[in-house]
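Colleague: Dropping the structure in here first, questions after.
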Amino acid sequence: MLHLCLMQGKKILLGISGSIAAYKIPFLVRLFIKAGAEVKVVMTPAAKDFVSQLVLSTLSKHSVLIELSSNDEWANHVALGRWADIMIIAPASCNTIAKMANGICDNLLLSVYLSATCPVWIAPAMDEDMWKHPSLKNNLATLTAYGNTILEAEYGELASGLIGTGRMVEPEQIFSSVSNFLKKKLRLENKKAIVTAGPTYENIDPVRFIGNHSSGKMGLAIAEALANEGCSVQLILGPSNVHTSNKNIQVTRVISAQAMFEATTTHFEHADIAVMSAAVADYTPTEIANEKIKKKEDVFTIALTKTKDILRHLGSIKKEHQFLVGFALENKEERKYALQKLKDKNADFIVLNSLNDIGAGFGLDTNKITIFEKNGQEHAFPVKTKNEVALDIVEKIIERTT
Ligand code: CTP
């Protein structure tokens, strides 16, 4: 028996794409409505063949939207994407997943998806061969990297008559996962954080720079994990391809170590938590040539000057209530250097990644960390995805700050 009011006031946006599992969605709408939620439905044109619009609009008490415009009316996809507390795309067909992963928006559902600032959950449904295809796996990995949650397809009887993996997770399961997520207490509400992420580029001349291989993925995952706990996050991001649409994250893009220093110190005064995960250049060219440097000498030397150490600076000015987390990427005597950085930079945590660990390092989707605390405690974790590592770090931050 459902508890009425379990989801009172919650706004749920359901996106249905063209898959046979769409016939189960009216039942899901009914579960949400009975629990007190408000539900709006958008569908792809292909979904019309699998489920009745009339049934969905009757159950949800709202018109079902399919087209970007009809006659003289325009469906405001931006408003819909901002209205929702959560967007659930169920069933998500192989085609819709591919378009979502590639920023294609040739129908209303995709435009709403690209405008959504709320958490997005995706429940794939397809035949097993499609489910196993590497392109689908890559697309799901891309969507996970965008911060979307995938409700993995299940094993069972498929529309083709075959038995295998590809069935959409059942509506009851979607309902209970979503209700648990929405009723979760946000533990960092009213807190502010700064996260630095990505590399920095130090200009040598108008066409060249000194940089590094940091992807920014770890920092983004930390920013998302903090934001998903209600924290208002300022992400200071070096040159990187990562993106976020999380409404609790404001992104300031910077290029050089000096620009990262300035942006970070500006925001630090109001921050409760600061996580320095950027791979900041330690040195920058002493002079930047105005013209492209011509090739002349066999051996060419560039004079470099030390950059400002942002973490060290924040450690020197931080107030009692501010919590400071730094990273250490080491390839020898890891523990010794991590403990030294903890002390020298006056951080509360140092998160160590060792370059000697398989699954840890730049560019990968996984990481292996040990957290060293100011109070002497140490916590070693196994290899995990960067999203899971971010949750572990944020969990420890919450333990110490709330
Ligand atoms: N860091 C920083 N500003 C810098 C250099 C580093 O804020 N100019 C921060 C990094 O974001 C990280 C921590 O300091 O959180 C440690 O960075 P790391 O490169 O491992 O150490 P360094 O202090 O630069 O020392 P070394 O390169 O000699 O190991």
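Ordering of the structure tokens sets the chain letters (A, B, ...); residue numbers start at 1 within each chain; ligands are numbered from 1 in the order shown.
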Kindly provide, as a ChimeraX atom specification, all nucleotide and amino acid residues lying within 6 Å of ligand 1, counting only C-alpha atoms and all ligand atoms.

Modeller: /A:276-282,307-311,326-329

Colleague: Within 9 Å of Ile194 in chain A, counting only C-alpha atoms, which residues show up once you throw out same-chain ones fewer than 4 positions away? Write them as a PyMOL selection string, please.

Modeller: chain A and resi 223+232-236+264+267-268+271-276

Colleague: Taking the backbone alone, and naming residues the way the document does, which bits of range 277-324 of chain A are alpha helix (DSSP H) by DSSP, as a PyMOL selection string?

Modeller: chain A and resi 310-317

Colleague: So how many Å separate CA of Thr370 in chain A and CA of Ser215 in chain A, to one decimal?

Modeller: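 Separation of CA of Thr370 in chain A and CA of Ser215 in chain A: 20.2 Å.
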
Colleague: Residues at most 12 Å from Lys318 in chain A, counting only C-alpha atoms, excluding those fewer than 2 positions away in the same chain, as a count of residues only?

Modeller: 25

Colleague: Using DSSP on the backbone coordinates, identify all residues within range 170-286 of chain A classified as strand (DSSP E or B); present the result as a ChimeraX atom specification.

Modeller: /A:192-197,199,202-205,208-210,232-237,249-253,273-276,279,283-285

Colleague: Can you spit out the residues from that selection as a compact mmCIF listing (two decimals), in the first residue's frame, using N, CA, C and O atoms?

Modeller:
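This went into again19.txt:
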```txt
# COMPACT_ATOMS: atom_id res chain seq x y z
N LYS A 192 28.21 26.48 0.95
CA LYS A 192 28.83 26.92 -0.32
C LYS A 192 30.19 26.24 -0.48
O LYS A 192 30.92 26.10 0.51
N ALA A 193 30.50 25.85 -1.71
CA ALA A 193 31.81 25.21 -1.94
C ALA A 193 32.47 25.78 -3.19
O ALA A 193 31.80 26.26 -4.10
N ILE A 194 33.81 25.70 -3.19
CA ILE A 194 34.57 25.99 -4.41
C ILE A 194 35.29 24.71 -4.77
O ILE A 194 35.85 24.05 -3.89
N VAL A 195 35.28 24.38 -6.05
CA VAL A 195 36.06 23.23 -6.53
C VAL A 195 36.92 23.72 -7.69
O VAL A 195 36.40 24.38 -8.60
N THR A 196 38.22 23.45 -7.65
CA THR A 196 39.04 23.72 -8.84
C THR A 196 39.22 22.41 -9.59
O THR A 196 39.27 21.34 -8.98
N ALA A 197 39.26 22.50 -10.92
CA ALA A 197 39.37 21.26 -11.72
C ALA A 197 40.07 21.53 -13.03
O ALA A 197 40.13 22.67 -13.50
N PRO A 199 43.27 21.16 -16.04
CA PRO A 199 44.66 21.62 -16.09
C PRO A 199 44.71 23.15 -16.10
O PRO A 199 43.66 23.80 -16.05
N GLU A 202 49.81 27.57 -19.58
CA GLU A 202 50.69 28.73 -19.37
C GLU A 202 51.26 29.13 -20.72
O GLU A 202 52.05 28.37 -21.31
N ASN A 203 50.90 30.30 -21.20
CA ASN A 203 51.33 30.72 -22.54
C ASN A 203 52.84 30.94 -22.64
O ASN A 203 53.45 31.53 -21.72
N ILE A 204 53.39 30.46 -23.76
CA ILE A 204 54.81 30.72 -24.06
C ILE A 204 54.88 31.86 -25.08
O ILE A 204 55.66 32.78 -24.95
N ASP A 205 54.06 31.75 -26.11
CA ASP A 205 53.94 32.80 -27.14
C ASP A 205 52.50 32.73 -27.65
O ASP A 205 51.69 31.99 -27.07
N ARG A 208 51.69 28.85 -28.43
CA ARG A 208 52.16 27.68 -27.65
C ARG A 208 51.89 27.88 -26.16
O ARG A 208 51.84 29.01 -25.68
N PHE A 209 51.79 26.74 -25.48
CA PHE A 209 51.59 26.83 -24.02
C PHE A 209 52.21 25.61 -23.34
O PHE A 209 52.51 24.61 -23.99
N ILE A 210 52.36 25.71 -22.02
CA ILE A 210 52.74 24.55 -21.22
C ILE A 210 51.46 24.08 -20.53
O ILE A 210 50.77 24.88 -19.87
N SER A 232 25.82 24.75 -2.85
CA SER A 232 25.94 25.67 -3.96
C SER A 232 27.43 25.73 -4.35
O SER A 232 28.27 26.13 -3.54
N VAL A 233 27.73 25.28 -5.56
CA VAL A 233 29.14 25.05 -5.91
C VAL A 233 29.63 26.04 -6.97
O VAL A 233 28.97 26.28 -7.97
N GLN A 234 30.78 26.59 -6.72
CA GLN A 234 31.47 27.43 -7.69
C GLN A 234 32.60 26.56 -8.25
O GLN A 234 33.52 26.19 -7.52
N LEU A 235 32.50 26.18 -9.53
CA LEU A 235 33.52 25.33 -10.13
C LEU A 235 34.48 26.20 -10.94
O LEU A 235 34.07 26.84 -11.91
N ILE A 236 35.75 26.23 -10.52
CA ILE A 236 36.75 27.01 -11.25
C ILE A 236 37.48 26.02 -12.16
O ILE A 236 38.26 25.20 -11.68
N LEU A 237 37.17 26.12 -13.44
CA LEU A 237 37.56 25.07 -14.37
C LEU A 237 38.60 25.55 -15.38
O LEU A 237 38.38 26.52 -16.10
N ILE A 249 25.53 24.24 -9.71
CA ILE A 249 26.95 24.49 -10.03
C ILE A 249 27.08 25.69 -10.96
O ILE A 249 26.46 25.75 -12.01
N GLN A 250 27.89 26.65 -10.51
CA GLN A 250 28.20 27.79 -11.38
C GLN A 250 29.64 27.61 -11.86
O GLN A 250 30.53 27.35 -11.03
N VAL A 251 29.85 27.71 -13.16
CA VAL A 251 31.19 27.43 -13.69
C VAL A 251 31.90 28.73 -14.05
O VAL A 251 31.34 29.59 -14.73
N THR A 252 33.13 28.89 -13.56
CA THR A 252 33.98 29.99 -14.00
C THR A 252 35.14 29.36 -14.76
O THR A 252 35.87 28.54 -14.21
N ARG A 253 35.25 29.70 -16.04
CA ARG A 253 36.32 29.10 -16.84
C ARG A 253 37.57 29.99 -16.80
O ARG A 253 37.46 31.21 -16.94
N ILE A 273 33.43 25.11 2.09
CA ILE A 273 34.25 23.95 1.70
C ILE A 273 35.03 24.34 0.44
O ILE A 273 34.47 24.97 -0.46
N ALA A 274 36.31 23.96 0.38
CA ALA A 274 37.08 24.20 -0.85
C ALA A 274 37.83 22.92 -1.20
O ALA A 274 38.52 22.35 -0.35
N VAL A 275 37.64 22.46 -2.42
CA VAL A 275 38.32 21.23 -2.86
C VAL A 275 39.20 21.59 -4.05
O VAL A 275 38.71 21.99 -5.11
N MET A 276 40.50 21.46 -3.86
CA MET A 276 41.46 21.86 -4.90
C MET A 276 41.89 20.62 -5.68
O MET A 276 42.87 19.97 -5.34
N ALA A 279 44.94 20.34 -11.59
CA ALA A 279 46.38 20.10 -11.77
C ALA A 279 46.98 21.42 -12.23
O ALA A 279 47.10 21.69 -13.43
N TYR A 283 54.96 25.99 -12.63
CA TYR A 283 55.80 27.06 -13.19
C TYR A 283 55.16 27.65 -14.43
O TYR A 283 54.46 26.96 -15.16
N THR A 284 55.42 28.92 -14.66
CA THR A 284 54.88 29.60 -15.85
C THR A 284 56.03 30.37 -16.52
O THR A 284 56.95 30.82 -15.82
N PRO A 285 56.01 30.52 -17.85
CA PRO A 285 57.10 31.28 -18.49
C PRO A 285 57.25 32.67 -17.88
O PRO A 285 56.25 33.38 -17.67
```

Colleague: Could you pull the residues within 7 Å of Pro206 in chain A, counting only C-alpha atoms, minus those fewer than 2 positions along the same chain, as a VMD selection string?

Modeller: chain A and resid 208 290 to 292

Colleague: Could those selected residues go to a file with all heavy atoms, as a PDB file, in the first residue's frame?

Modeller:
```
ATOM      1  N   ARG A 208      51.694  28.845 -28.427  1.00  0.00           N
ATOM      2  CA  ARG A 208      52.160  27.683 -27.650  1.00  0.00           C
ATOM      3  C   ARG A 208      51.894  27.880 -26.159  1.00  0.00           C
ATOM      4  O   ARG A 208      51.844  29.011 -25.677  1.00  0.00           O
ATOM      5  CB  ARG A 208      53.658  27.469 -27.859  1.00  0.00           C
ATOM      6  CG  ARG A 208      54.026  27.273 -29.324  1.00  0.00           C
ATOM      7  CD  ARG A 208      55.498  27.020 -29.452  1.00  0.00           C
ATOM      8  NE  ARG A 208      55.896  26.849 -30.841  1.00  0.00           N
ATOM      9  CZ  ARG A 208      56.377  27.823 -31.596  1.00  0.00           C
ATOM     10  NH1 ARG A 208      56.519  29.043 -31.110  1.00  0.00           N
ATOM     11  NH2 ARG A 208      56.726  27.571 -32.836  1.00  0.00           N
ATOM     12  N   ASN A 290      55.565  38.173 -27.472  1.00  0.00           N
ATOM     13  CA  ASN A 290      54.440  38.780 -28.196  1.00  0.00           C
ATOM     14  C   ASN A 290      54.268  38.171 -29.574  1.00  0.00           C
ATOM     15  O   ASN A 290      53.172  38.117 -30.115  1.00  0.00           O
ATOM     16  CB  ASN A 290      54.649  40.289 -28.358  1.00  0.00           C
ATOM     17  CG  ASN A 290      54.506  40.983 -27.020  1.00  0.00           C
ATOM     18  OD1 ASN A 290      53.719  40.534 -26.178  1.00  0.00           O
ATOM     19  ND2 ASN A 290      55.278  42.043 -26.814  1.00  0.00           N
ATOM     20  N   GLU A 291      55.396  37.739 -30.178  1.00  0.00           N
ATOM     21  CA  GLU A 291      55.358  37.147 -31.513  1.00  0.00           C
ATOM     22  C   GLU A 291      55.648  35.659 -31.393  1.00  0.00           C
ATOM     23  O   GLU A 291      56.284  35.228 -30.428  1.00  0.00           O
ATOM     24  CB  GLU A 291      56.487  37.757 -32.378  1.00  0.00           C
ATOM     25  CG  GLU A 291      56.498  39.261 -32.441  1.00  0.00           C
ATOM     26  CD  GLU A 291      55.407  39.798 -33.345  1.00  0.00           C
ATOM     27  OE1 GLU A 291      54.975  39.041 -34.238  1.00  0.00           O
ATOM     28  OE2 GLU A 291      54.977  40.955 -33.138  1.00  0.00           O
ATOM     29  N   LYS A 292      55.223  34.897 -32.371  1.00  0.00           N
ATOM     30  CA  LYS A 292      55.547  33.462 -32.399  1.00  0.00           C
ATOM     31  C   LYS A 292      57.071  33.289 -32.406  1.00  0.00           C
ATOM     32  O   LYS A 292      57.753  33.941 -33.206  1.00  0.00           O
ATOM     33  CB  LYS A 292      54.928  32.828 -33.650  1.00  0.00           C
ATOM     34  CG  LYS A 292      55.147  31.353 -33.707  1.00  0.00           C
ATOM     35  CD  LYS A 292      54.549  30.745 -34.964  1.00  0.00           C
ATOM     36  CE  LYS A 292      55.056  29.327 -35.097  1.00  0.00           C
ATOM     37  NZ  LYS A 292      55.295  28.919 -36.448  1.00  0.00           N
TER      38      LYS A 292
END
```

Colleague: To one decimal place, how far is CA of Asn353 in chain A from CA of Asn375 in chain A in Å?

Modeller: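 The value is 19.6 Å.
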
Colleague: Just want the 12 Å neighbourhood of range 95-110 of chain A, counted on only C-alpha atoms, with same-chain residues fewer than 6 positions away dropped. Output as a ChimeraX atom specification.

Modeller: /A:13-19,40-47,64-70,74-78,80-81,87-89,116,120-126,130-131,133-148,150
